[in-house]
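Note sheet for the following structure.
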Amino acid sequence: MLGWMDGLPSGPAWQSTTLEVHGCKTTRPICLMWHDAREVIEDILCNPIFANHMAFDPHIVMCTSCREYGATIVPIIISSDKTNITCHMGALEMHPVFMTIRNIQSDVRMQATLYAWRCVAFIPTSEFEVHPDFQTLLASHLFHQCMDIVFASLKETAQTGTAMTDSLGYVRNCFTPLVAYTTNLPEQQLVACVTRNTSPVTTATISKFGDPFPHPPQSGATTLEQIACLCAETHPWDIATFQQKAKAIKLLGIRSHLPFWRNWKFANPGPMYFLIGEILHSGHKFVFNHPLKWCKEAAGSCVLDTHYKTQHKRIGVRHFNSGISHINQMTGHEHRDIQRTGSQHLRR
């Protein structure tokens, strides 16, 4: 039986790569745990579970000889979030990176038991033996270096295409463009290579966030040009001077290693084309931090609490017996229940 079990398909194998950052020592070795991203996509695409829940967009590729042939687009969706791996045992933190494909229907893709989302890498967040002011600069450099290693094969596939077998057994010529990167604001700024006081999708800074007009989009070409000019003026490994000049132009400080999306076809126009906020922070937290505060100022916390306390109890809707003004931390379900009845309470 053990022999039969060993003969079963095991899926993509985990790989371990030890990295070094030039001229910078770390408290522990930098170890990247990762899958080859193309192997993961091939495993998802040929999964028979998704045979009746997958759609394919037609695509035509023009060859140099003007000959046309059909191809299949396999849009790539990535998600990541800095997470504590251990508690009370060294406080180890990593960036788990997850990936799926847009071809799978959204309602099926979001079912956790179907494993449409796959973990492709654990990007380390090593502590460098340098001044604390330079930790962010080196960590961002390491993040993009790791992402380049993990998604190198998908970038090549997005450029030239490769043959993949779908869930029905048909062989398709597939291209893998990056269409969405879902994460919270700090990670969006890390991906876009901008500082924390700058929008990752526009050129607006924190002092201009309240402007009544939209600012120009954050262009990938502009970001790469700024990095190139910065590296030409200052040696990238002169950390103090490089970081000072990078902050002056609102860059995060990516040094000799360029952003991972620079050579990913259709992603280079800029982060604004693929960066998407996740629902907890861009939706629920936004309502709690802004519109709900405006409601408290307009109606008064006592009046708003009274309306929530006197709300008729109903199955499926939470009843806040003590009001909502005293709540500091909530889950996504509580955010949703407050939003369901907020507008009705204001009209009262």
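Naming scheme: A, B, ... for chains in displayed order of the structure tokens; residues 1 onward per chain; ligands 1 onward as shown.
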Which parts of region 15-231 of chain A does DSSP call strand (DSSP E or B) when run on the backbone here, written out as a PyMOL selection string? chain A and resi 15-19+21+24+26+30-34+54+57-62+68-73+76-80+83-84+93-101+104+118-124+128+162-165+171-175+178-183+194+198+202+205+217
Do a neighbour search on Asn52 (chain A) at 12 Å with only C-alpha atoms, toss out local chain neighbours closer than 2 positions, and write the hits as a list in words. Cys46, Asn47, Pro48, Ile49, Phe50, Met54, Ala55, Phe56, Asn103, Ile104, Gln105, Val108, Asp166, Ser167 and Leu168 of chain A
Give me, as a PyMOL selection string, the residues of region 144-229 of chain A that a backbone DSSP run labels alpha helix (DSSP H). chain A and resi 144-150+152-160+185-192+220-229
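If you measure from each of A:Phe266, A:Lys313, A:Ala248, A:Pro12 to Asn197 (chain A) using only C-alpha atoms, the closest one turns out to be A:Ala248.
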Show me, as an NGL selection string, the residues that have an atom within 7 Å of region 152-154 of chain A when counting only C-alpha atoms, minus same-chain residues fewer than 3 positions from it. :A and (37-38 or 148-149 or 157-158 or 176)
Just N, CA and C atoms for this one: save the residues we selected as an mmCIF file, in the first residue's frame.
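Wrote again.cif, looks like this:
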data_model
loop_
_atom_site.group_PDB
_atom_site.id
_atom_site.type_symbol
_atom_site.label_atom_id
_atom_site.label_comp_id
_atom_site.auth_asym_id
_atom_site.auth_seq_id
_atom_site.Cartn_x
_atom_site.Cartn_y
_atom_site.Cartn_z
ATOM 1 N N ALA A 37 6.134 28.419 -10.116
ATOM 2 C CA ALA A 37 4.782 28.936 -10.332
ATOM 3 C C ALA A 37 4.110 28.296 -11.534
ATOM 4 N N ARG A 38 4.855 28.010 -12.583
ATOM 5 C CA ARG A 38 4.238 27.401 -13.772
ATOM 6 C C ARG A 38 3.750 25.985 -13.468
ATOM 7 N N ASP A 148 10.923 37.483 -8.082
ATOM 8 C CA ASP A 148 11.505 37.208 -9.391
ATOM 9 C C ASP A 148 11.832 35.730 -9.557
ATOM 10 N N ILE A 149 12.341 35.111 -8.503
ATOM 11 C CA ILE A 149 12.701 33.691 -8.567
ATOM 12 C C ILE A 149 11.447 32.828 -8.721
ATOM 13 N N THR A 157 6.345 32.289 -19.792
ATOM 14 C CA THR A 157 5.132 31.769 -20.423
ATOM 15 C C THR A 157 4.248 32.903 -20.930
ATOM 16 N N ALA A 158 4.173 34.008 -20.181
ATOM 17 C CA ALA A 158 3.382 35.153 -20.625
ATOM 18 C C ALA A 158 3.944 35.756 -21.909
ATOM 19 N N THR A 176 0.216 33.514 -19.716
ATOM 20 C CA THR A 176 -0.099 33.758 -18.304
ATOM 21 C C THR A 176 0.188 35.203 -17.901
#
In terms of the shortest atom-to-atom distance over only C-alpha atoms, which of A:Asp238, A:Glu39, A:Glu156, A:Glu278 is closest to Gly23 (chain A)?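 Ranked by minimum distance to Gly23 (chain A), first place goes to A:Asp238.
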Spatial neighbours of Ala121 (chain A), 7 Å, only C-alpha atoms, chain gap at least 3 places, as a list in words: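 Answer for this query is Met33, Trp34, His35, Pro96 and Val97 of chain A.
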When you look at Glu93 (chain A) with a cut-off of 10 Å (counting only C-alpha atoms), what residues show up, excluding the ones that are within fewer than 4 positions of it in the same chain? I need them as a list in words.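 Here the answer would be Lys82, Thr83, Asn84, Ile85, Thr86, Cys87, Phe122, Ile123, Pro124, Thr125 and Ser126 of chain A.
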Next, write the just-selected residues to a file, as an mmCIF file, in the first residue's frame, keeping N, CA and C atoms as the atom set.
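The resulting part_24.cif:
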data_model
loop_
_atom_site.group_PDB
_atom_site.id
_atom_site.type_symbol
_atom_site.label_atom_id
_atom_site.label_comp_id
_atom_site.auth_asym_id
_atom_site.auth_seq_id
_atom_site.Cartn_x
_atom_site.Cartn_y
_atom_site.Cartn_z
ATOM 1 N N LYS A 82 1.881 39.761 5.013
ATOM 2 C CA LYS A 82 2.901 39.471 6.025
ATOM 3 C C LYS A 82 2.244 38.837 7.246
ATOM 4 N N THR A 83 2.758 37.685 7.670
ATOM 5 C CA THR A 83 2.100 36.883 8.701
ATOM 6 C C THR A 83 3.126 36.387 9.712
ATOM 7 N N ASN A 84 2.699 36.296 10.980
ATOM 8 C CA ASN A 84 3.533 35.695 12.012
ATOM 9 C C ASN A 84 3.475 34.179 11.876
ATOM 10 N N ILE A 85 4.623 33.556 11.676
ATOM 11 C CA ILE A 85 4.694 32.099 11.548
ATOM 12 C C ILE A 85 4.788 31.442 12.922
ATOM 13 N N THR A 86 5.516 32.054 13.827
ATOM 14 C CA THR A 86 5.672 31.511 15.180
ATOM 15 C C THR A 86 5.306 32.581 16.202
ATOM 16 N N CYS A 87 4.755 32.151 17.328
ATOM 17 C CA CYS A 87 4.427 33.047 18.442
ATOM 18 C C CYS A 87 5.169 32.565 19.696
ATOM 19 N N PHE A 122 6.997 31.000 0.541
ATOM 20 C CA PHE A 122 7.114 31.655 1.842
ATOM 21 C C PHE A 122 8.333 32.565 1.756
ATOM 22 N N ILE A 123 8.070 33.859 1.544
ATOM 23 C CA ILE A 123 9.172 34.824 1.387
ATOM 24 C C ILE A 123 9.636 35.267 2.766
ATOM 25 N N PRO A 124 10.912 35.081 3.101
ATOM 26 C CA PRO A 124 11.393 35.431 4.449
ATOM 27 C C PRO A 124 11.492 36.929 4.653
ATOM 28 N N THR A 125 11.369 37.344 5.896
ATOM 29 C CA THR A 125 11.582 38.743 6.288
ATOM 30 C C THR A 125 12.739 38.755 7.280
ATOM 31 N N SER A 126 13.930 38.648 6.767
ATOM 32 C CA SER A 126 15.115 38.522 7.607
ATOM 33 C C SER A 126 15.472 39.860 8.252
#
For Ala13 (chain A), which residue among A:Val120, A:Ala180, A:Ile327, A:Met272 is the nearest when counting only C-alpha atoms?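 Going through A:Val120, A:Ala180, A:Ile327, A:Met272 one by one, the smallest distance to Ala13 (chain A) is for A:Val120.
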So what do you get for CA of Lys309 (chain A) versus CA of Ser322 (chain A), distance-wise?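 Between CA of Lys309 (chain A) and CA of Ser322 (chain A) the gap works out to 6.3 Å.
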Would you list the contacts of Cys174 (chain A) as a PDB file with N, CA, C and O atoms, in the first residue's frame, taking every protein, DNA or RNA residue within 10 Å and counting only C-alpha atoms, but skipping same-chain residues closer than 6 positions in sequence?
ATOM      1  N   GLU A  42      -0.101  24.671 -13.927  1.00  0.00           N
ATOM      2  CA  GLU A  42      -0.426  23.470 -14.679  1.00  0.00           C
ATOM      3  C   GLU A  42      -1.231  22.494 -13.831  1.00  0.00           C
ATOM      4  O   GLU A  42      -2.158  21.839 -14.326  1.00  0.00           O
ATOM      5  N   HIS A  59      -7.864  34.002 -27.816  1.00  0.00           N
ATOM      6  CA  HIS A  59      -6.743  34.917 -27.992  1.00  0.00           C
ATOM      7  C   HIS A  59      -6.036  34.572 -29.297  1.00  0.00           C
ATOM      8  O   HIS A  59      -5.869  33.407 -29.628  1.00  0.00           O
ATOM      9  N   GLY A  70      -4.358  30.103 -32.648  1.00  0.00           N
ATOM     10  CA  GLY A  70      -5.125  30.302 -31.434  1.00  0.00           C
ATOM     11  C   GLY A  70      -4.315  30.053 -30.184  1.00  0.00           C
ATOM     12  O   GLY A  70      -3.347  29.299 -30.181  1.00  0.00           O
ATOM     13  N   ALA A  71      -4.719  30.689 -29.118  1.00  0.00           N
ATOM     14  CA  ALA A  71      -4.058  30.516 -27.835  1.00  0.00           C
ATOM     15  C   ALA A  71      -5.072  30.738 -26.735  1.00  0.00           C
ATOM     16  O   ALA A  71      -6.180  31.228 -26.970  1.00  0.00           O
ATOM     17  N   THR A  72      -4.703  30.384 -25.523  1.00  0.00           N
ATOM     18  CA  THR A  72      -5.595  30.503 -24.371  1.00  0.00           C
ATOM     19  C   THR A  72      -4.960  31.404 -23.323  1.00  0.00           C
ATOM     20  O   THR A  72      -3.776  31.247 -22.994  1.00  0.00           O
ATOM     21  N   ILE A  73      -5.741  32.333 -22.818  1.00  0.00           N
ATOM     22  CA  ILE A  73      -5.270  33.211 -21.744  1.00  0.00           C
ATOM     23  C   ILE A  73      -5.576  32.550 -20.409  1.00  0.00           C
ATOM     24  O   ILE A  73      -6.706  32.146 -20.143  1.00  0.00           O
ATOM     25  N   VAL A  74      -4.551  32.450 -19.576  1.00  0.00           N
ATOM     26  CA  VAL A  74      -4.705  31.947 -18.204  1.00  0.00           C
ATOM     27  C   VAL A  74      -4.327  33.098 -17.266  1.00  0.00           C
ATOM     28  O   VAL A  74      -3.168  33.240 -16.876  1.00  0.00           O
ATOM     29  N   PRO A  75      -5.270  33.973 -16.920  1.00  0.00           N
ATOM     30  CA  PRO A  75      -4.949  35.147 -16.092  1.00  0.00           C
ATOM     31  C   PRO A  75      -4.511  34.736 -14.684  1.00  0.00           C
ATOM     32  O   PRO A  75      -5.125  33.878 -14.048  1.00  0.00           O
ATOM     33  N   THR A 157       6.345  32.289 -19.792  1.00  0.00           N
ATOM     34  CA  THR A 157       5.132  31.769 -20.423  1.00  0.00           C
ATOM     35  C   THR A 157       4.248  32.903 -20.930  1.00  0.00           C
ATOM     36  O   THR A 157       3.614  32.783 -21.983  1.00  0.00           O
ATOM     37  N   ALA A 158       4.173  34.008 -20.181  1.00  0.00           N
ATOM     38  CA  ALA A 158       3.382  35.153 -20.625  1.00  0.00           C
ATOM     39  C   ALA A 158       3.944  35.756 -21.909  1.00  0.00           C
ATOM     40  O   ALA A 158       3.206  36.338 -22.708  1.00  0.00           O
ATOM     41  N   THR A 160       6.067  33.979 -24.318  1.00  0.00           N
ATOM     42  CA  THR A 160       6.182  33.060 -25.455  1.00  0.00           C
ATOM     43  C   THR A 160       5.094  32.003 -25.497  1.00  0.00           C
ATOM     44  O   THR A 160       4.890  31.370 -26.538  1.00  0.00           O
ATOM     45  N   GLY A 161       4.400  31.744 -24.373  1.00  0.00           N
ATOM     46  CA  GLY A 161       3.375  30.712 -24.325  1.00  0.00           C
ATOM     47  C   GLY A 161       3.970  29.330 -24.115  1.00  0.00           C
ATOM     48  O   GLY A 161       5.146  29.085 -24.390  1.00  0.00           O
ATOM     49  N   THR A 162       3.149  28.435 -23.601  1.00  0.00           N
ATOM     50  CA  THR A 162       3.569  27.048 -23.404  1.00  0.00           C
ATOM     51  C   THR A 162       2.345  26.146 -23.463  1.00  0.00           C
ATOM     52  O   THR A 162       1.215  26.597 -23.215  1.00  0.00           O
ATOM     53  N   ALA A 163       2.548  24.889 -23.762  1.00  0.00           N
ATOM     54  CA  ALA A 163       1.453  23.934 -23.880  1.00  0.00           C
ATOM     55  C   ALA A 163       1.062  23.424 -22.493  1.00  0.00           C
ATOM     56  O   ALA A 163       1.918  22.977 -21.726  1.00  0.00           O
ATOM     57  N   MET A 164      -0.211  23.501 -22.173  1.00  0.00           N
ATOM     58  CA  MET A 164      -0.737  23.007 -20.910  1.00  0.00           C
ATOM     59  C   MET A 164      -1.994  22.185 -21.179  1.00  0.00           C
ATOM     60  O   MET A 164      -2.734  22.451 -22.131  1.00  0.00           O
ATOM     61  N   THR A 165      -2.218  21.198 -20.308  1.00  0.00           N
ATOM     62  CA  THR A 165      -3.408  20.353 -20.416  1.00  0.00           C
ATOM     63  C   THR A 165      -4.492  20.875 -19.493  1.00  0.00           C
ATOM     64  O   THR A 165      -4.235  21.111 -18.302  1.00  0.00           O
ATOM     65  N   ASP A 166      -5.707  21.069 -20.034  1.00  0.00           N
ATOM     66  CA  ASP A 166      -6.791  21.571 -19.199  1.00  0.00           C
ATOM     67  C   ASP A 166      -7.496  20.416 -18.493  1.00  0.00           C
ATOM     68  O   ASP A 166      -7.108  19.247 -18.609  1.00  0.00           O
TER      69      ASP A 166
END
